[in-house]
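Novice: Hey, dropping input01.json in here, JSON, C-alpha atoms:
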```json
[["chain", "number", "residue", "atom", "x", "y", "z"],
["G", 429, "MET", "CA", -91.11, -112.16, -34.60],
["G", 430, "ALA", "CA", -89.00, -109.02, -34.20],
["G", 431, "GLN", "CA", -89.75, -106.09, -36.47],
["G", 432, "ARG", "CA", -87.15, -105.70, -39.26],
["G", 433, "TYR", "CA", -85.68, -102.26, -39.77],
["G", 434, "ARG", "CA", -86.86, -100.47, -42.91],
["G", 435, "ALA", "CA", -84.88, -97.71, -44.60],
["G", 436, "PRO", "CA", -86.72, -94.45, -45.41],
["G", 437, "ARG", "CA", -88.65, -94.56, -48.65],
["G", 438, "ARG", "CA", -86.70, -93.16, -51.59],
["G", 439, "ALA", "CA", -87.94, -90.43, -53.87],
["G", 440, "ALA", "CA", -90.36, -91.57, -56.54],
["G", 441, "ASN", "CA", -88.03, -90.72, -59.40],
["G", 442, "ARG", "CA", -85.14, -92.92, -58.08],
["G", 443, "GLN", "CA", -85.02, -96.68, -58.22],
["G", 444, "PRO", "CA", -83.60, -98.53, -55.21],
["G", 445, "GLU", "CA", -80.26, -100.16, -55.76],
["G", 446, "ALA", "CA", -80.48, -103.91, -56.02],
["G", 447, "ALA", "CA", -78.18, -105.97, -53.85],
["G", 448, "PRO", "CA", -76.97, -108.78, -56.09],
["G", 449, "ASP", "CA", -75.65, -112.02, -54.72],
["G", 450, "ALA", "CA", -72.04, -112.17, -53.60],
["G", 451, "ALA", "CA", -69.52, -112.80, -56.33],
["G", 452, "PRO", "CA", -68.02, -116.31, -56.49],
["G", 453, "GLY", "CA", -65.01, -116.65, -54.26],
["G", 454, "CYS", "CA", -65.90, -113.62, -52.16],
["G", 455, "GLY", "CA", -64.27, -113.91, -48.74],
["G", 456, "PHE", "CA", -66.27, -111.21, -46.95],
["G", 457, "GLY", "CA", -69.51, -112.57, -45.50],
["G", 458, "ARG", "CA", -72.01, -110.74, -43.40],
["G", 459, "GLN", "CA", -70.43, -112.28, -40.34],
["G", 460, "GLY", "CA", -67.63, -109.76, -40.62],
["G", 461, "LEU", "CA", -70.02, -106.82, -41.04],
["G", 462, "SER", "CA", -73.00, -107.59, -38.82],
["G", 463, "ARG", "CA", -74.10, -110.13, -36.31],
["G", 464, "ARG", "CA", -76.65, -111.71, -38.65],
["G", 465, "PRO", "CA", -75.21, -114.72, -40.52],
["G", 466, "GLY", "CA", -75.72, -115.14, -44.21],
["G", 467, "PRO", "CA", -73.99, -114.62, -47.55],
["G", 468, "CYS", "CA", -72.56, -111.20, -48.21],
["G", 469, "SER", "CA", -73.67, -109.07, -51.10],
["G", 470, "GLU", "CA", -71.35, -107.51, -53.67],
["G", 471, "HIS", "CA", -72.26, -104.08, -52.28],
["G", 472, "ARG", "CA", -71.24, -104.96, -48.72],
["G", 473, "CYS", "CA", -68.09, -106.76, -49.89],
["G", 474, "GLN", "CA", -67.01, -103.73, -51.88],
["G", 475, "TYR", "CA", -67.68, -101.53, -48.85],
["G", 476, "ALA", "CA", -65.32, -103.66, -46.74],
["G", 477, "MET", "CA", -62.71, -103.79, -49.45],
["G", 478, "TYR", "CA", -62.58, -100.10, -50.29],
["G", 479, "LYS", "CA", -63.36, -98.47, -46.99],
["G", 480, "GLY", "CA", -61.46, -100.73, -44.62],
["G", 481, "PHE", "CA", -58.81, -103.27, -45.49],
["G", 482, "PRO", "CA", -56.92, -101.71, -48.47],
["G", 483, "LEU", "CA", -56.62, -98.32, -46.77],
["G", 484, "ASP", "CA", -54.74, -99.91, -43.84],
["G", 485, "ILE", "CA", -52.45, -101.77, -46.23],
["G", 486, "VAL", "CA", -51.65, -98.59, -48.16],
["G", 487, "LEU", "CA", -50.82, -96.70, -44.95],
["G", 488, "LEU", "CA", -48.60, -99.52, -43.69],
["G", 489, "ALA", "CA", -46.82, -99.74, -47.05],
["G", 490, "LEU", "CA", -46.13, -95.99, -47.01],
["G", 491, "VAL", "CA", -44.74, -96.16, -43.46],
["G", 492, "ALA", "CA", -42.59, -99.20, -44.29],
["G", 493, "GLY", "CA", -41.26, -97.54, -47.44],
["G", 494, "PHE", "CA", -40.35, -94.41, -45.49],
["G", 495, "LEU", "CA", -38.46, -96.43, -42.87],
["G", 496, "VAL", "CA", -36.55, -98.38, -45.55],
["G", 497, "LEU", "CA", -35.49, -95.19, -47.28],
["G", 498, "ARG", "CA", -34.36, -93.68, -43.97],
["G", 499, "LEU", "CA", -32.36, -96.79, -43.08],
["G", 500, "ARG", "CA", -30.75, -96.91, -46.51],
["G", 501, "SER", "CA", -29.74, -93.25, -46.33],
["G", 502, "VAL", "CA", -28.06, -93.81, -42.95],
["G", 503, "LEU", "CA", -26.24, -96.99, -43.96],
["G", 504, "GLY", "CA", -25.07, -95.45, -47.20],
["G", 505, "LYS", "CA", -23.22, -92.62, -45.44],
["G", 506, "ARG", "CA", -21.30, -94.56, -42.79],
["G", 507, "THR", "CA", -18.29, -96.79, -42.98],
["G", 508, "GLY", "CA", -18.59, -97.82, -39.34],
["G", 509, "TYR", "CA", -20.70, -97.41, -36.27],
["G", 510, "GLU", "CA", -20.11, -94.04, -34.67],
["G", 511, "ARG", "CA", -20.23, -94.06, -30.89],
["G", 512, "PRO", "CA", -19.31, -91.63, -28.13],
["G", 513, "PRO", "CA", -15.80, -92.00, -26.67],
["G", 514, "LEU", "CA", -15.46, -94.60, -23.95],
["G", 515, "PRO", "CA", -14.39, -93.53, -20.48],
["G", 516, "GLU", "CA", -10.68, -93.76, -19.89],
["G", 517, "GLN", "CA", -11.01, -96.60, -17.40],
["G", 518, "GLN", "CA", -12.62, -98.79, -20.09],
["G", 519, "SER", "CA", -9.75, -98.46, -22.54],
["G", 520, "VAL", "CA", -7.81, -101.65, -23.17],
["G", 521, "GLY", "CA", -4.09, -101.67, -22.44],
["G", 522, "LEU", "CA", -1.29, -103.12, -24.51],
["G", 523, "ARG", "CA", -0.61, -106.05, -22.26],
["G", 524, "GLY", "CA", -2.75, -108.34, -20.19],
["G", 525, "PRO", "CA", -2.14, -109.31, -16.57],
["G", 526, "ALA", "CA", 0.94, -111.28, -15.68],
["G", 527, "ALA", "CA", 0.55, -115.03, -15.32],
["G", 528, "PRO", "CA", -0.21, -116.00, -11.70],
["G", 529, "VAL", "CA", 2.31, -118.13, -9.80],
["G", 530, "ILE", "CA", 0.86, -120.66, -7.33],
["G", 531, "ASP", "CA", 3.20, -122.82, -5.24],
["G", 532, "GLY", "CA", 6.05, -121.92, -7.53],
["G", 533, "ILE", "CA", 4.15, -123.05, -10.67],
["G", 534, "VAL", "CA", 3.17, -120.56, -13.38],
["G", 535, "GLU", "CA", -0.52, -120.97, -14.07],
["G", 536, "PRO", "CA", -1.91, -120.50, -17.60],
["G", 537, "ILE", "CA", -3.27, -117.03, -18.34],
["G", 538, "ARG", "CA", -7.03, -116.99, -18.77],
["G", 539, "ALA", "CA", -8.65, -115.16, -21.66],
["G", 540, "ARG", "CA", -9.81, -111.62, -20.91],
["G", 541, "PRO", "CA", -13.26, -110.26, -21.78],
["G", 542, "GLY", "CA", -13.42, -109.48, -25.48],
["G", 543, "ARG", "CA", -10.45, -111.82, -26.11],
["G", 544, "PRO", "CA", -12.14, -115.21, -26.63],
["G", 545, "ILE", "CA", -10.03, -118.27, -27.42],
["G", 546, "PRO", "CA", -11.49, -120.95, -29.76],
["G", 547, "THR", "CA", -12.37, -124.13, -27.91],
["G", 548, "PRO", "CA", -10.41, -127.34, -28.69],
["G", 549, "HIS", "CA", -13.34, -129.08, -30.41],
["G", 550, "THR", "CA", -13.61, -126.36, -33.12],
["G", 551, "ALA", "CA", -11.63, -126.40, -36.37],
["G", 552, "VAL", "CA", -9.75, -123.25, -35.34],
["G", 553, "GLY", "CA", -9.01, -124.69, -31.91],
["G", 554, "GLN", "CA", -7.60, -127.85, -33.48],
["G", 555, "ALA", "CA", -5.40, -125.78, -35.80],
["G", 556, "LEU", "CA", -4.06, -123.86, -32.79],
["G", 557, "ALA", "CA", -3.28, -127.19, -31.11],
["G", 558, "ARG", "CA", -1.26, -128.27, -34.17],
["G", 559, "ILE", "CA", 0.72, -125.02, -33.99],
["G", 560, "ALA", "CA", 1.38, -125.63, -30.29],
["G", 561, "GLU", "CA", 2.64, -129.15, -31.03],
["G", 562, "VAL", "CA", 5.36, -127.72, -33.27],
["G", 563, "ASP", "CA", 6.03, -124.54, -31.27],
["G", 564, "ARG", "CA", 6.13, -125.44, -27.59],
["G", 565, "ASN", "CA", 6.24, -121.76, -26.62],
["G", 566, "PHE", "CA", 3.01, -120.94, -28.40],
["G", 567, "ASP", "CA", 0.07, -119.91, -26.20],
["G", 568, "PRO", "CA", -3.14, -118.50, -27.75],
["G", 569, "VAL", "CA", -3.76, -116.05, -24.90],
["G", 570, "LYS", "CA", -0.24, -114.65, -25.07],
["G", 571, "PHE", "CA", -0.52, -114.54, -28.86],
["G", 572, "ILE", "CA", -3.65, -112.36, -28.65],
["G", 573, "ASP", "CA", -1.80, -109.92, -26.38],
["G", 574, "THR", "CA", 1.14, -109.82, -28.80],
["G", 575, "ALA", "CA", -1.14, -109.34, -31.83],
["G", 576, "GLU", "CA", -3.02, -106.53, -30.09],
["G", 577, "ALA", "CA", 0.23, -104.74, -29.24],
["G", 578, "SER", "CA", 1.38, -105.12, -32.87],
["G", 579, "PHE", "CA", -1.96, -103.78, -34.10],
["G", 580, "ARG", "CA", -1.53, -100.61, -32.07],
["G", 581, "ARG", "CA", 2.08, -100.12, -33.14],
["G", 582, "ILE", "CA", 1.40, -100.73, -36.83],
["G", 583, "VAL", "CA", -1.64, -98.43, -36.99],
["G", 584, "THR", "CA", 0.27, -95.65, -35.20],
["G", 585, "ALA", "CA", 3.42, -96.12, -37.29],
["G", 586, "TYR", "CA", 1.46, -96.00, -40.54],
["G", 587, "ALA", "CA", -0.26, -92.77, -39.52],
["G", 588, "SER", "CA", 3.05, -91.10, -38.64],
["G", 589, "GLY", "CA", 4.97, -92.59, -41.59],
["G", 590, "ASP", "CA", 7.38, -94.49, -39.32],
["G", 591, "LEU", "CA", 8.90, -96.89, -41.85],
["G", 592, "THR", "CA", 11.57, -98.12, -39.42],
["G", 593, "THR", "CA", 8.97, -99.55, -37.05],
["G", 594, "LEU", "CA", 6.89, -100.94, -39.90],
["G", 595, "ARG", "CA", 9.86, -102.79, -41.37],
["G", 596, "THR", "CA", 10.19, -104.89, -38.21],
["G", 597, "LEU", "CA", 6.48, -105.69, -37.90],
["G", 598, "LEU", "CA", 5.50, -106.44, -41.52],
["G", 599, "THR", "CA", 6.38, -109.12, -44.04],
["G", 600, "PRO", "CA", 8.42, -107.76, -46.99],
["G", 601, "THR", "CA", 5.42, -107.76, -49.33],
["G", 602, "VAL", "CA", 3.15, -105.89, -46.92],
["G", 603, "TYR", "CA", 5.95, -103.48, -46.04],
["G", 604, "THR", "CA", 6.35, -102.55, -49.73],
["G", 605, "THR", "CA", 2.62, -101.82, -49.96],
["G", 606, "PHE", "CA", 2.70, -99.61, -46.85],
["G", 607, "GLU", "CA", 5.85, -97.82, -48.05],
["G", 608, "HIS", "CA", 4.25, -96.93, -51.41],
["G", 609, "ALA", "CA", 1.10, -95.64, -49.68],
["G", 610, "ILE", "CA", 3.10, -93.47, -47.26],
["G", 611, "THR", "CA", 5.27, -92.10, -50.06],
["G", 612, "ALA", "CA", 2.24, -91.23, -52.21],
["G", 613, "ARG", "CA", 0.59, -89.56, -49.23],
["G", 614, "SER", "CA", 3.68, -87.48, -48.53],
["G", 615, "GLU", "CA", 4.07, -86.40, -52.16],
["G", 616, "ALA", "CA", 0.44, -85.27, -52.23],
["G", 617, "GLY", "CA", 0.98, -83.16, -49.12],
["G", 618, "GLU", "CA", -1.53, -85.19, -47.12],
["G", 619, "THR", "CA", -1.33, -86.07, -43.44],
["G", 620, "HIS", "CA", -3.00, -89.01, -41.75],
["G", 621, "THR", "CA", -4.22, -89.13, -38.17],
["G", 622, "THR", "CA", -5.24, -92.26, -36.26],
["G", 623, "GLU", "CA", -6.00, -92.49, -32.57],
["G", 624, "ILE", "CA", -7.14, -95.80, -31.12],
["G", 625, "LYS", "CA", -9.58, -95.07, -28.31],
["G", 626, "ALA", "CA", -10.18, -98.71, -27.41],
["G", 627, "ILE", "CA", -9.86, -102.20, -28.80],
["G", 628, "VAL", "CA", -13.27, -103.64, -28.05],
["G", 629, "GLU", "CA", -12.53, -107.14, -29.33],
["G", 630, "ALA", "CA", -9.55, -109.18, -30.50],
["G", 631, "SER", "CA", -10.43, -112.75, -31.46],
["G", 632, "ILE", "CA", -8.87, -115.53, -33.52],
["G", 633, "ASP", "CA", -10.97, -116.18, -36.63],
["G", 634, "GLU", "CA", -8.74, -118.64, -38.52],
["G", 635, "ALA", "CA", -5.54, -120.61, -38.04],
["G", 636, "GLU", "CA", -3.55, -123.06, -40.14],
["G", 637, "MET", "CA", -0.14, -124.56, -40.79],
["G", 638, "LEU", "CA", 1.34, -124.00, -44.27],
["G", 639, "GLY", "CA", 4.49, -126.03, -44.35],
["G", 640, "ASP", "CA", 6.67, -124.66, -41.58],
["G", 641, "HIS", "CA", 4.69, -121.42, -41.49],
["G", 642, "ALA", "CA", 1.89, -120.81, -39.00],
["G", 643, "VAL", "CA", -0.81, -118.35, -40.05],
["G", 644, "ILE", "CA", -3.37, -116.89, -37.66],
["G", 645, "VAL", "CA", -6.13, -114.43, -38.65],
["G", 646, "VAL", "CA", -7.21, -112.03, -35.90],
["G", 647, "ARG", "CA", -10.41, -110.01, -35.94],
["G", 648, "PHE", "CA", -9.97, -106.57, -34.36],
["G", 649, "VAL", "CA", -12.94, -104.40, -33.43],
["G", 650, "SER", "CA", -11.66, -100.99, -32.39],
["G", 651, "ASP", "CA", -12.94, -97.49, -31.71],
["G", 652, "GLN", "CA", -10.80, -94.99, -33.63],
["G", 653, "GLU", "CA", -10.50, -91.43, -34.81],
["G", 654, "ASN", "CA", -9.20, -92.05, -38.31],
["G", 655, "PHE", "CA", -8.96, -89.37, -41.03],
["G", 656, "THR", "CA", -6.72, -87.84, -43.70],
["G", 657, "ARG", "CA", -6.27, -84.12, -44.41],
["G", 658, "ASP", "CA", -5.09, -82.56, -47.67],
["G", 659, "ARG", "CA", -2.42, -79.86, -47.87],
["G", 660, "THR", "CA", -5.03, -77.20, -47.03],
["G", 661, "GLY", "CA", -6.04, -78.97, -43.82],
["G", 662, "GLN", "CA", -9.41, -80.17, -45.10],
["G", 663, "ILE", "CA", -10.49, -83.71, -44.18],
["G", 664, "ILE", "CA", -10.76, -85.73, -47.37],
["G", 665, "ILE", "CA", -10.98, -89.26, -45.94],
["G", 666, "GLY", "CA", -12.56, -90.44, -42.69],
["G", 667, "THR", "CA", -14.00, -88.40, -39.85],
["G", 668, "GLU", "CA", -12.97, -86.90, -36.54],
["G", 669, "SER", "CA", -15.83, -88.76, -34.85],
["G", 670, "VAL", "CA", -15.04, -91.95, -32.95],
["G", 671, "THR", "CA", -15.94, -94.77, -35.30],
["G", 672, "GLU", "CA", -16.03, -98.52, -34.81],
["G", 673, "ILE", "CA", -13.73, -100.21, -37.34],
["G", 674, "VAL", "CA", -13.49, -103.96, -38.00],
["G", 675, "ASP", "CA", -10.21, -105.36, -39.38],
["G", 676, "LEU", "CA", -9.04, -108.88, -40.22],
["G", 677, "TRP", "CA", -5.26, -109.17, -39.93],
["G", 678, "SER", "CA", -3.23, -112.25, -40.83],
["G", 679, "PHE", "CA", -0.07, -112.84, -38.81],
["G", 680, "GLU", "CA", 2.54, -115.43, -39.70],
["G", 681, "ARG", "CA", 5.87, -116.79, -38.54],
["G", 682, "SER", "CA", 8.14, -119.73, -39.29],
["G", 683, "VAL", "CA", 7.88, -122.21, -36.45],
["G", 684, "ASN", "CA", 11.45, -123.37, -37.20],
["G", 685, "SER", "CA", 12.85, -119.85, -36.78],
["G", 686, "SER", "CA", 14.47, -118.59, -33.61],
["G", 687, "ASP", "CA", 12.71, -115.26, -34.21],
["G", 688, "PRO", "CA", 9.55, -115.32, -32.05],
["G", 689, "LEU", "CA", 7.95, -112.30, -33.74],
["G", 690, "TRP", "CA", 4.65, -112.70, -35.58],
["G", 691, "ARG", "CA", 4.53, -110.35, -38.59],
["G", 692, "LEU", "CA", 1.57, -108.90, -40.42],
["G", 693, "ALA", "CA", 1.17, -110.76, -43.74],
["G", 694, "ALA", "CA", -2.22, -109.43, -44.92],
["G", 695, "ALA", "CA", -4.91, -106.98, -43.83],
["G", 696, "ARG", "CA", -8.48, -106.39, -44.94],
["G", 697, "SER", "CA", -11.68, -104.89, -43.64],
["G", 698, "GLY", "CA", -14.00, -107.18, -41.73]]
```
Rewrite the coordinates I just gave you, this time as structure tokens.

Specialist:
Amino acid sequence: MAQRYRAPRRAANRQPEAAPDAAPGCGFGRQGLSRRPGPCSEHRCQYAMYKGFPLDIVLLALVAGFLVLRLRSVLGKRTGYERPPLPEQQSVGLRGPAAPVIDGIVEPIRARPGRPIPTPHTAVGQALARIAEVDRNFDPVKFIDTAEASFRRIVTAYASGDLTTLRTLLTPTVYTTFEHAITARSEAGETHTTEIKAIVEASIDEAEMLGDHAVIVVRFVSDQENFTRDRTGQIIIGTESVTEIVDLWSFERSVNSSDPLWRLAAARSG
């Protein structure tokens, strides 16, 4: 039989510490502390608990808490994702490519990257099909191009206070709201600047027929410089940095009208 290791003899005036049996329910056996099987003692279990496992948990909790606080501080200061300006060749134009003509027949225009069209089996795709049944000139791809051009014109006109352009592109209710905002801005001596660097995405989120009115909601994801200065030239709203902004714009038109223009009927942040 192998010799068992003996600890050095203690001083005569000190009693050796007894190693009581492991407490009921103790999950730390000797198998986790040595290679010899057998029940753990309360002393060894406490050693594992206080000098190993809880210390790791405390450190991990502190690190996790620090990361959460950092993330919260960043998210609390931004209204959008700031990114560096895109190269000029990546900017999106106002109009898409012209429809190809093959053997004298005009082929349908395919959707461009970042301009997805809902498929026919979806609820939105079916609503677009109902609009096309009433309005034979309606085409979702052409509509996206028209909506994108209107988005650029409306954003620019609002920044410059161009009420004449806004009157033609907005419904009466929305026009009144824009007019009041521009008037209040002018009376306060404030100036607004908006420059669209790129429209990253323009997609149809919703569509429906309300009587003879067709309503389509478009989701725009754009990179913009968007800010307002007070009369002293200080920026009071927004930032000069390029920021990603998400907007949901509702366009509508009467399918029985000879006017083909889709007008902005509502706008909100995405």

Novice: What's around Asn565 (chain G) at 12 Å? Count only C-alpha atoms, leave out sequence neighbours fewer than 4 positions away in its own chain, and write the answer as a list in words.

Specialist: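 With the cut-off at 12 Å, the set is Ala557, Ile559, Ala560, Glu561, Val569, Lys570, Phe571, Val683, Asn684, Ser686, Asp687, Pro688 and Leu689 of chain G.
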
Novice: Mind checking which residues fall within 10 Å of Leu594 (chain G), counting only C-alpha atoms, ignoring those fewer than 5 positions away in the same chain, and posting them as a compact mmCIF listing (two decimals) with C-alpha atoms, keeping the file's coordinate frame?

Specialist:
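part-v7.txt, freshly written:
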```txt
# COMPACT_ATOMS: atom_id res chain seq x y z
CA SER G 578 1.38 -105.12 -32.87
CA ARG G 581 2.08 -100.12 -33.14
CA ILE G 582 1.40 -100.73 -36.83
CA VAL G 583 -1.64 -98.43 -36.99
CA THR G 584 0.27 -95.65 -35.20
CA ALA G 585 3.42 -96.12 -37.29
CA TYR G 586 1.46 -96.00 -40.54
CA GLY G 589 4.97 -92.59 -41.59
CA THR G 599 6.38 -109.12 -44.04
CA PRO G 600 8.42 -107.76 -46.99
CA VAL G 602 3.15 -105.89 -46.92
CA TYR G 603 5.95 -103.48 -46.04
CA THR G 604 6.35 -102.55 -49.73
CA PHE G 606 2.70 -99.61 -46.85
CA GLU G 607 5.85 -97.82 -48.05
CA ARG G 691 4.53 -110.35 -38.59
CA LEU G 692 1.57 -108.90 -40.42
```

Novice: Could you work out how far CA of Thr656 (chain G) lies from CA of Ile624 (chain G), giving the answer in Å with one decimal?

Specialist: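 Straight-line distance from CA of Ile624 (chain G) to CA of Thr656 (chain G) works out to 14.9 Å.
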
Novice: CA of Asp573 (chain G) to CA of Leu597 (chain G): how many Å, to one decimal?

Specialist: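 For CA of Asp573 (chain G) relative to CA of Leu597 (chain G), the distance reads 14.8 Å.
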
Novice: Name the residues in contact with Arg659 (chain G) at a cut-off of 9 Å, using only C-alpha atoms, excluding same-chain residues fewer than 3 positions from it; report them as a ChimeraX atom specification.

Specialist: /G:616-619,662

Novice: May I have the residues from that selection written out with C-alpha atoms, as a tab-separated table (two decimals), in the frame of the given file?

Specialist:
```tsv
chain	number	residue	atom	x	y	z
G	616	ALA	CA	0.44	-85.27	-52.23
G	617	GLY	CA	0.98	-83.16	-49.12
G	618	GLU	CA	-1.53	-85.19	-47.12
G	619	THR	CA	-1.33	-86.07	-43.44
G	662	GLN	CA	-9.41	-80.17	-45.10
```

Novice: Please indicate the distance in Å from CA of Gln554 (chain G) to CA of Trp677 (chain G), rounded to one decimal place.

Specialist: 19.9 Å

Novice: Rank G:His620, G:Arg564, G:His608, G:Arg558 by their smallest atom-to-atom distance to Ser588 (chain G), using only C-alpha atoms, and report the top residue only.

Specialist: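 Smallest separation from Ser588 (chain G) among the options: G:His620.
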